[in-house]
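As provided, protein12.json (JSON, C-alpha atoms) reads as follows.
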[["chain", "number", "residue", "atom", "x", "y", "z"],
["A", 212, "MET", "CA", 95.75, -8.83, 37.43],
["A", 213, "HIS", "CA", 97.59, -9.20, 40.76],
["A", 214, "LYS", "CA", 100.33, -11.15, 39.00],
["A", 215, "PHE", "CA", 100.69, -8.37, 36.36],
["A", 216, "ILE", "CA", 101.00, -5.67, 39.01],
["A", 217, "GLY", "CA", 103.51, -7.76, 40.95],
["A", 218, "ASN", "CA", 105.67, -8.24, 37.86],
["A", 219, "LEU", "CA", 105.48, -4.48, 37.09],
["A", 220, "LEU", "CA", 106.60, -3.51, 40.59],
["A", 221, "LEU", "CA", 109.42, -6.06, 40.42],
["A", 222, "SER", "CA", 110.62, -4.62, 37.10],
["A", 223, "ILE", "CA", 110.61, -1.08, 38.53],
["A", 224, "LEU", "CA", 112.57, -2.23, 41.59],
["A", 225, "ILE", "CA", 115.17, -3.99, 39.44],
["A", 226, "GLY", "CA", 115.48, -0.88, 37.27],
["A", 227, "LEU", "CA", 116.10, 1.32, 40.30],
["A", 228, "VAL", "CA", 118.77, -1.06, 41.61],
["A", 229, "ILE", "CA", 120.56, -1.07, 38.25],
["A", 230, "LEU", "CA", 120.40, 2.75, 38.06],
["A", 231, "SER", "CA", 121.85, 3.06, 41.58],
["A", 232, "ILE", "CA", 124.72, 0.71, 40.72],
["A", 233, "THR", "CA", 125.44, 2.64, 37.49],
["A", 234, "ILE", "CA", 125.56, 6.02, 39.25],
["A", 235, "GLY", "CA", 127.78, 4.65, 42.01],
["A", 236, "SER", "CA", 130.16, 3.16, 39.44],
["A", 237, "SER", "CA", 130.28, 6.43, 37.53],
["A", 238, "HIS", "CA", 131.27, 8.39, 40.67],
["A", 239, "ALA", "CA", 133.90, 5.82, 41.63],
["A", 240, "SER", "CA", 135.49, 5.84, 38.19],
["A", 241, "GLY", "CA", 135.43, 9.63, 37.72],
["A", 242, "GLY", "CA", 132.61, 9.45, 35.18],
["A", 243, "SER", "CA", 130.50, 12.25, 33.80],
["A", 244, "CYS", "CA", 128.27, 12.79, 36.83],
["A", 245, "PRO", "CA", 129.11, 16.16, 38.38],
["A", 246, "SER", "CA", 130.67, 16.42, 41.81],
["A", 247, "PHE", "CA", 130.23, 19.42, 44.08],
["A", 248, "LYS", "CA", 132.93, 20.41, 46.45],
["A", 249, "ALA", "CA", 131.61, 21.13, 49.92],
["A", 250, "GLY", "CA", 131.81, 24.80, 50.76],
["A", 251, "SER", "CA", 132.43, 25.88, 47.16],
["A", 252, "VAL", "CA", 131.57, 29.51, 46.33],
["A", 253, "ILE", "CA", 129.57, 30.54, 43.29],
["A", 254, "LEU", "CA", 130.36, 33.78, 41.48],
["A", 255, "PRO", "CA", 127.71, 36.50, 41.89],
["A", 256, "LYS", "CA", 125.03, 36.61, 39.21],
["A", 257, "GLY", "CA", 126.13, 38.70, 36.24],
["A", 258, "THR", "CA", 129.85, 38.25, 36.87],
["A", 259, "HIS", "CA", 132.37, 35.89, 35.34],
["A", 260, "MET", "CA", 136.07, 35.26, 35.76],
["A", 261, "GLU", "CA", 138.85, 34.65, 33.27],
["A", 262, "GLY", "CA", 142.24, 33.95, 34.78],
["A", 263, "LYS", "CA", 142.89, 36.66, 37.35],
["A", 264, "THR", "CA", 140.29, 39.07, 35.92],
["A", 265, "VAL", "CA", 136.69, 39.45, 37.08],
["A", 266, "TYR", "CA", 134.05, 40.97, 34.77],
["A", 267, "MET", "CA", 130.79, 42.57, 35.87],
["A", 268, "LEU", "CA", 128.11, 44.96, 34.58],
["A", 269, "ILE", "CA", 126.86, 48.10, 36.32],
["A", 270, "ARG", "CA", 123.68, 49.65, 34.99],
["A", 271, "ASP", "CA", 121.81, 50.85, 38.08],
["A", 272, "MET", "CA", 123.10, 52.78, 41.05],
["A", 273, "ASP", "CA", 122.73, 49.94, 43.55],
["A", 274, "PHE", "CA", 125.09, 50.12, 46.54],
["A", 275, "GLU", "CA", 123.81, 46.95, 48.20],
["A", 276, "LYS", "CA", 124.24, 44.77, 45.12],
["A", 277, "LEU", "CA", 127.79, 45.96, 44.48],
["A", 278, "ARG", "CA", 128.66, 45.50, 48.14],
["A", 279, "ASP", "CA", 127.30, 41.94, 48.17],
["A", 280, "ASP", "CA", 129.07, 41.11, 44.88],
["A", 281, "LEU", "CA", 132.41, 42.39, 46.17],
["A", 282, "VAL", "CA", 132.02, 40.47, 49.42],
["A", 283, "ALA", "CA", 131.45, 37.27, 47.42],
["A", 284, "LEU", "CA", 134.51, 38.04, 45.27],
["A", 285, "ASP", "CA", 136.67, 38.15, 48.41],
["A", 286, "ASN", "CA", 136.65, 34.35, 48.15],
["A", 287, "TYR", "CA", 138.58, 34.55, 44.88],
["A", 288, "SER", "CA", 142.09, 35.61, 43.99],
["A", 289, "TYR", "CA", 141.96, 38.26, 41.25],
["A", 290, "ASN", "CA", 144.09, 41.20, 40.15],
["A", 291, "THR", "CA", 141.71, 43.21, 37.97],
["A", 292, "LEU", "CA", 138.02, 44.05, 38.18],
["A", 293, "VAL", "CA", 136.55, 45.06, 34.81],
["A", 294, "ILE", "CA", 133.24, 46.92, 34.98],
["A", 295, "ASP", "CA", 131.13, 47.37, 31.86],
["A", 296, "LEU", "CA", 129.26, 50.60, 32.56],
["A", 297, "TYR", "CA", 125.98, 51.41, 30.83],
["A", 298, "SER", "CA", 123.82, 53.69, 32.92],
["A", 299, "TYR", "CA", 121.16, 56.39, 32.81],
["A", 300, "GLY", "CA", 122.14, 57.29, 36.37],
["A", 301, "GLY", "CA", 120.14, 56.99, 39.54],
["A", 302, "SER", "CA", 120.54, 57.74, 43.23],
["A", 303, "LEU", "CA", 123.46, 60.07, 43.90],
["A", 304, "PHE", "CA", 123.98, 58.68, 47.40],
["A", 305, "ASN", "CA", 124.04, 55.11, 46.09],
["A", 306, "ALA", "CA", 126.66, 56.20, 43.57],
["A", 307, "MET", "CA", 128.82, 57.84, 46.25],
["A", 308, "GLY", "CA", 128.61, 54.68, 48.31],
["A", 309, "MET", "CA", 129.63, 52.59, 45.30],
["A", 310, "ILE", "CA", 132.63, 54.87, 44.74],
["A", 311, "SER", "CA", 133.72, 54.13, 48.30],
["A", 312, "LEU", "CA", 133.45, 50.38, 47.66],
["A", 313, "ILE", "CA", 135.49, 50.68, 44.47],
["A", 314, "SER", "CA", 138.18, 52.70, 46.24],
["A", 315, "LYS", "CA", 138.54, 49.92, 48.83],
["A", 316, "VAL", "CA", 139.12, 47.39, 46.05],
["A", 317, "GLN", "CA", 141.84, 49.66, 44.67],
["A", 318, "ALA", "CA", 143.34, 50.14, 48.13],
["A", 319, "ASN", "CA", 143.87, 46.37, 48.23],
["A", 320, "GLY", "CA", 146.16, 46.63, 45.22],
["A", 321, "LYS", "CA", 143.65, 45.69, 42.54],
["A", 322, "ILE", "CA", 142.99, 47.54, 39.28],
["A", 323, "VAL", "CA", 139.41, 48.62, 38.62],
["A", 324, "GLU", "CA", 138.90, 49.09, 34.90],
["A", 325, "ILE", "CA", 135.78, 50.91, 33.71],
["A", 326, "ARG", "CA", 134.55, 50.36, 30.15],
["A", 327, "ALA", "CA", 131.84, 52.93, 29.35],
["A", 328, "LYS", "CA", 129.26, 51.84, 26.77],
["A", 329, "GLY", "CA", 126.28, 53.54, 25.15],
["A", 330, "ILE", "CA", 125.18, 56.13, 27.69],
["A", 331, "ILE", "CA", 126.84, 57.24, 30.91],
["A", 332, "ALA", "CA", 124.53, 59.79, 32.46],
["A", 333, "SER", "CA", 124.09, 61.66, 35.71],
["A", 334, "ALA", "CA", 125.42, 59.60, 38.65],
["A", 335, "GLY", "CA", 126.86, 57.12, 36.14],
["A", 336, "LEU", "CA", 129.62, 59.65, 35.44],
["A", 337, "LEU", "CA", 130.82, 59.31, 39.02],
["A", 338, "ILE", "CA", 131.28, 55.56, 38.55],
["A", 339, "LEU", "CA", 133.25, 56.17, 35.34],
["A", 340, "LEU", "CA", 135.53, 58.60, 37.17],
["A", 341, "SER", "CA", 136.15, 56.12, 39.97],
["A", 342, "GLY", "CA", 138.15, 53.76, 37.75],
["A", 343, "SER", "CA", 141.88, 53.32, 38.23],
["A", 344, "GLU", "CA", 144.03, 55.92, 36.50],
["A", 345, "GLY", "CA", 144.75, 54.89, 32.92],
["A", 346, "HIS", "CA", 141.95, 52.30, 33.00],
["A", 347, "ARG", "CA", 138.86, 54.40, 32.28],
["A", 348, "PHE", "CA", 137.82, 53.56, 28.73],
["A", 349, "ILE", "CA", 134.91, 54.81, 26.66],
["A", 350, "ASP", "CA", 133.35, 53.40, 23.52],
["A", 351, "ARG", "CA", 133.73, 55.50, 20.36],
["A", 352, "TYR", "CA", 129.99, 56.14, 20.06],
["A", 353, "ALA", "CA", 129.13, 56.45, 23.75],
["A", 354, "LEU", "CA", 127.77, 59.69, 25.21],
["A", 355, "VAL", "CA", 128.28, 61.22, 28.64],
["A", 356, "MET", "CA", 125.80, 63.52, 30.37],
["A", 357, "PHE", "CA", 125.84, 65.34, 33.69],
["A", 358, "HIS", "CA", 123.51, 67.87, 35.31],
["A", 359, "GLU", "CA", 122.75, 69.67, 38.55],
["A", 360, "LEU", "CA", 120.79, 67.93, 41.29],
["A", 361, "TRP", "CA", 117.13, 67.47, 40.49],
["A", 362, "SER", "CA", 114.26, 67.74, 42.95],
["A", 363, "LEU", "CA", 110.71, 66.64, 42.14],
["A", 364, "LYS", "CA", 107.89, 67.09, 44.63],
["A", 365, "PHE", "CA", 104.14, 66.65, 44.44],
["A", 366, "PHE", "CA", 101.61, 68.45, 46.64],
["A", 367, "ALA", "CA", 104.31, 69.97, 48.86],
["A", 368, "ILE", "CA", 103.49, 72.93, 51.09],
["A", 369, "GLU", "CA", 106.56, 75.15, 51.32],
["A", 370, "THR", "CA", 107.55, 78.55, 52.67],
["A", 371, "PRO", "CA", 110.31, 80.95, 51.60],
["A", 372, "SER", "CA", 112.31, 79.89, 54.66],
["A", 373, "SER", "CA", 111.95, 76.18, 53.88],
["A", 374, "LYS", "CA", 113.01, 76.79, 50.28],
["A", 375, "GLU", "CA", 116.06, 78.75, 51.44],
["A", 376, "ASP", "CA", 117.10, 75.97, 53.82],
["A", 377, "GLU", "CA", 116.54, 73.38, 51.12],
["A", 378, "ALA", "CA", 118.63, 75.36, 48.65],
["A", 379, "LEU", "CA", 121.52, 75.45, 51.12],
["A", 380, "VAL", "CA", 121.40, 71.68, 51.48],
["A", 381, "TYR", "CA", 121.26, 71.16, 47.70],
["A", 382, "ARG", "CA", 124.17, 73.51, 47.21],
["A", 383, "LYS", "CA", 126.25, 71.67, 49.81],
["A", 384, "ILE", "CA", 125.57, 68.33, 48.11],
["A", 385, "GLN", "CA", 126.24, 69.77, 44.64],
["A", 386, "ASN", "CA", 129.53, 71.31, 45.80],
["A", 387, "ASN", "CA", 130.61, 67.95, 47.22],
["A", 388, "VAL", "CA", 129.87, 66.19, 43.93],
["A", 389, "ASN", "CA", 131.56, 68.93, 41.88],
["A", 390, "SER", "CA", 134.67, 68.62, 44.05],
["A", 391, "TYR", "CA", 134.85, 64.89, 43.34],
["A", 392, "ILE", "CA", 134.45, 65.41, 39.58],
["A", 393, "THR", "CA", 137.15, 68.07, 39.37],
["A", 394, "SER", "CA", 139.52, 66.00, 41.52],
["A", 395, "ARG", "CA", 139.23, 63.07, 39.10],
["A", 396, "SER", "CA", 139.30, 64.98, 35.79],
["A", 397, "LYS", "CA", 140.77, 67.94, 33.94],
["A", 398, "ILE", "CA", 137.74, 70.22, 34.04],
["A", 399, "THR", "CA", 137.91, 73.27, 36.29],
["A", 400, "ARG", "CA", 135.35, 73.98, 38.98],
["A", 401, "GLU", "CA", 134.31, 77.19, 37.24],
["A", 402, "GLU", "CA", 133.70, 75.55, 33.87],
["A", 403, "LEU", "CA", 131.85, 72.61, 35.37],
["A", 404, "GLU", "CA", 129.48, 74.89, 37.27],
["A", 405, "LEU", "CA", 128.89, 76.96, 34.15],
["A", 406, "ARG", "CA", 128.24, 73.89, 31.97],
["A", 407, "ILE", "CA", 125.62, 72.38, 34.28],
["A", 408, "ARG", "CA", 123.88, 75.53, 35.51],
["A", 409, "ASN", "CA", 120.18, 74.99, 34.71],
["A", 410, "LYS", "CA", 121.03, 72.67, 31.83],
["A", 411, "GLU", "CA", 122.48, 69.29, 30.89],
["A", 412, "PHE", "CA", 126.14, 68.90, 29.96],
["A", 413, "TRP", "CA", 126.49, 66.43, 27.05],
["A", 414, "LEU", "CA", 129.82, 65.10, 25.80],
["A", 415, "THR", "CA", 130.96, 62.86, 22.97],
["A", 416, "ALA", "CA", 133.66, 60.27, 23.58],
["A", 417, "ASP", "CA", 136.31, 62.66, 22.28],
["A", 418, "GLU", "CA", 135.10, 65.41, 24.61],
["A", 419, "ALA", "CA", 135.00, 63.00, 27.54],
["A", 420, "VAL", "CA", 138.68, 62.22, 26.96],
["A", 421, "LYS", "CA", 139.47, 65.93, 26.50],
["A", 422, "TYR", "CA", 137.97, 66.77, 29.90],
["A", 423, "GLY", "CA", 139.61, 63.76, 31.54],
["A", 424, "PHE", "CA", 136.37, 61.93, 32.29],
["A", 425, "ALA", "CA", 137.88, 58.98, 30.42],
["A", 426, "ASP", "CA", 141.49, 58.10, 29.66],
["A", 427, "ARG", "CA", 141.02, 56.88, 26.12],
["A", 428, "ILE", "CA", 138.55, 55.72, 23.50],
["A", 429, "ASP", "CA", 138.47, 51.97, 23.22]]
So that I can check it, write out the structure of this file as structure tokens.
Amino acid sequence: MHKFIGNLLLSILIGLVILSITIGSSHASGGSCPSFKAGSVILPKGTHMEGKTVYMLIRDMDFEKLRDDLVALDNYSYNTLVIDLYSYGGSLFNAMGMISLISKVQANGKIVEIRAKGIIASAGLLILLSGSEGHRFIDRYALVMFHELWSLKFFAIETPSSKEDEALVYRKIQNNVNSYITSRSKITREELELRIRNKEFWLTADEAVKYGFADRID
């Protein structure tokens, strides 16, 4: 029994030596074993690069993720950032922060191309509008929707004064958003306010182009 175990251990040891020699030879001769360059940077999850163009998807209004992705992309040389946009919306303040990040990319001489797919709703419209002029595309069967600010509260104790103060804040925020939309499209302030007053404003792809929310159907 001891002799059998000794022979088994010897065989395993010889096998390991042969494997080590094979791997070392493969590295020396440029074989199939992968090599990893020290300090190499990996593209952020959900992005890929072709030539000088980076592709990414935006679905949620997530300022931190976009910020981290763009910081990682600073390690690469690219000319165009293509964003596939499919979104039901989300946090308005996250969206405004994301617009600021996108504008910085454009300020560095890069094109930010937005490709709207499926549904672009609520705060998602702001991301669509942030694309570089002439590079805001929308799918033929996509829909766009925008609405006034929503507020949902449970078990809140409020007074007429608190409601009045709250309304003033909401109106200030809404006016700020409306100003951005009208500055990046063809719709007038008056029509926009009329279209979203106490209701949702839905647009087909053709209507989105008509109002200047997108540059063309693609």
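We find CA of Asp429 (chain A) and CA of Glu261 (chain A) to be spaced 20.0 Å apart.
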Contacts of region 421-428 of chain A within 6 Å, only C-alpha atoms, excl. fewer than 3 positions in-chain, as a PDB file with C-alpha atoms, in the coordinates of the input:
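See selection.pdb below for the written result:
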ATOM      1  CA  LEU A 340     135.530  58.600  37.170  1.00  0.00           C
ATOM      2  CA  GLY A 345     144.750  54.890  32.920  1.00  0.00           C
ATOM      3  CA  ARG A 347     138.860  54.400  32.280  1.00  0.00           C
ATOM      4  CA  PHE A 348     137.820  53.560  28.730  1.00  0.00           C
ATOM      5  CA  ILE A 349     134.910  54.810  26.660  1.00  0.00           C
ATOM      6  CA  ASP A 350     133.350  53.400  23.520  1.00  0.00           C
ATOM      7  CA  ARG A 351     133.730  55.500  20.360  1.00  0.00           C
ATOM      8  CA  SER A 396     139.300  64.980  35.790  1.00  0.00           C
ATOM      9  CA  LYS A 397     140.770  67.940  33.940  1.00  0.00           C
ATOM     10  CA  ILE A 398     137.740  70.220  34.040  1.00  0.00           C
ATOM     11  CA  GLU A 418     135.100  65.410  24.610  1.00  0.00           C
TER      12      GLU A 418
END
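You will find CA of Ile338 (chain A) at 10.2 Å from CA of Gly308 (chain A).
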Would you mind listing what lies within 9 Å of region 289-303 of chain A as a tab-separated table (two decimals) with C-alpha atoms, in the coordinates of the input, with all atoms listed in the file counted and same-chain residues fewer than 6 positions away left out?
chain	number	residue	atom	x	y	z
A	260	MET	CA	136.07	35.26	35.76
A	262	GLY	CA	142.24	33.95	34.78
A	263	LYS	CA	142.89	36.66	37.35
A	264	THR	CA	140.29	39.07	35.92
A	265	VAL	CA	136.69	39.45	37.08
A	266	TYR	CA	134.05	40.97	34.77
A	267	MET	CA	130.79	42.57	35.87
A	268	LEU	CA	128.11	44.96	34.58
A	269	ILE	CA	126.86	48.10	36.32
A	270	ARG	CA	123.68	49.65	34.99
A	271	ASP	CA	121.81	50.85	38.08
A	272	MET	CA	123.10	52.78	41.05
A	273	ASP	CA	122.73	49.94	43.55
A	316	VAL	CA	139.12	47.39	46.05
A	320	GLY	CA	146.16	46.63	45.22
A	321	LYS	CA	143.65	45.69	42.54
A	322	ILE	CA	142.99	47.54	39.28
A	323	VAL	CA	139.41	48.62	38.62
A	324	GLU	CA	138.90	49.09	34.90
A	325	ILE	CA	135.78	50.91	33.71
A	326	ARG	CA	134.55	50.36	30.15
A	327	ALA	CA	131.84	52.93	29.35
A	328	LYS	CA	129.26	51.84	26.77
A	329	GLY	CA	126.28	53.54	25.15
A	330	ILE	CA	125.18	56.13	27.69
A	331	ILE	CA	126.84	57.24	30.91
A	332	ALA	CA	124.53	59.79	32.46
A	333	SER	CA	124.09	61.66	35.71
A	334	ALA	CA	125.42	59.60	38.65
A	335	GLY	CA	126.86	57.12	36.14
A	336	LEU	CA	129.62	59.65	35.44
A	337	LEU	CA	130.82	59.31	39.02
A	338	ILE	CA	131.28	55.56	38.55
A	339	LEU	CA	133.25	56.17	35.34
A	342	GLY	CA	138.15	53.76	37.75
A	356	MET	CA	125.80	63.52	30.37
A	360	LEU	CA	120.79	67.93	41.29
A	388	VAL	CA	129.87	66.19	43.93
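Closest approach to Leu403 (chain A) from the set A:Glu275, A:Asp285, A:Glu377, A:Glu359 is made by A:Glu359, with distances taken over all atoms listed in the file.
For the atom pair formed by CA of Ala419 (chain A) and CA of Arg395 (chain A), the distance is 12.3 Å, given to one decimal.
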* To do: Fewer than 5 positions away in the same chain doesn't count, so skip those; otherwise give me all residues within 12 Å of Val282 (chain A), counting only C-alpha atoms, as JSON, numbers by chain.
  => {"A": [252, 253, 254, 255, 275, 276, 277, 287, 312, 313, 315, 316]}
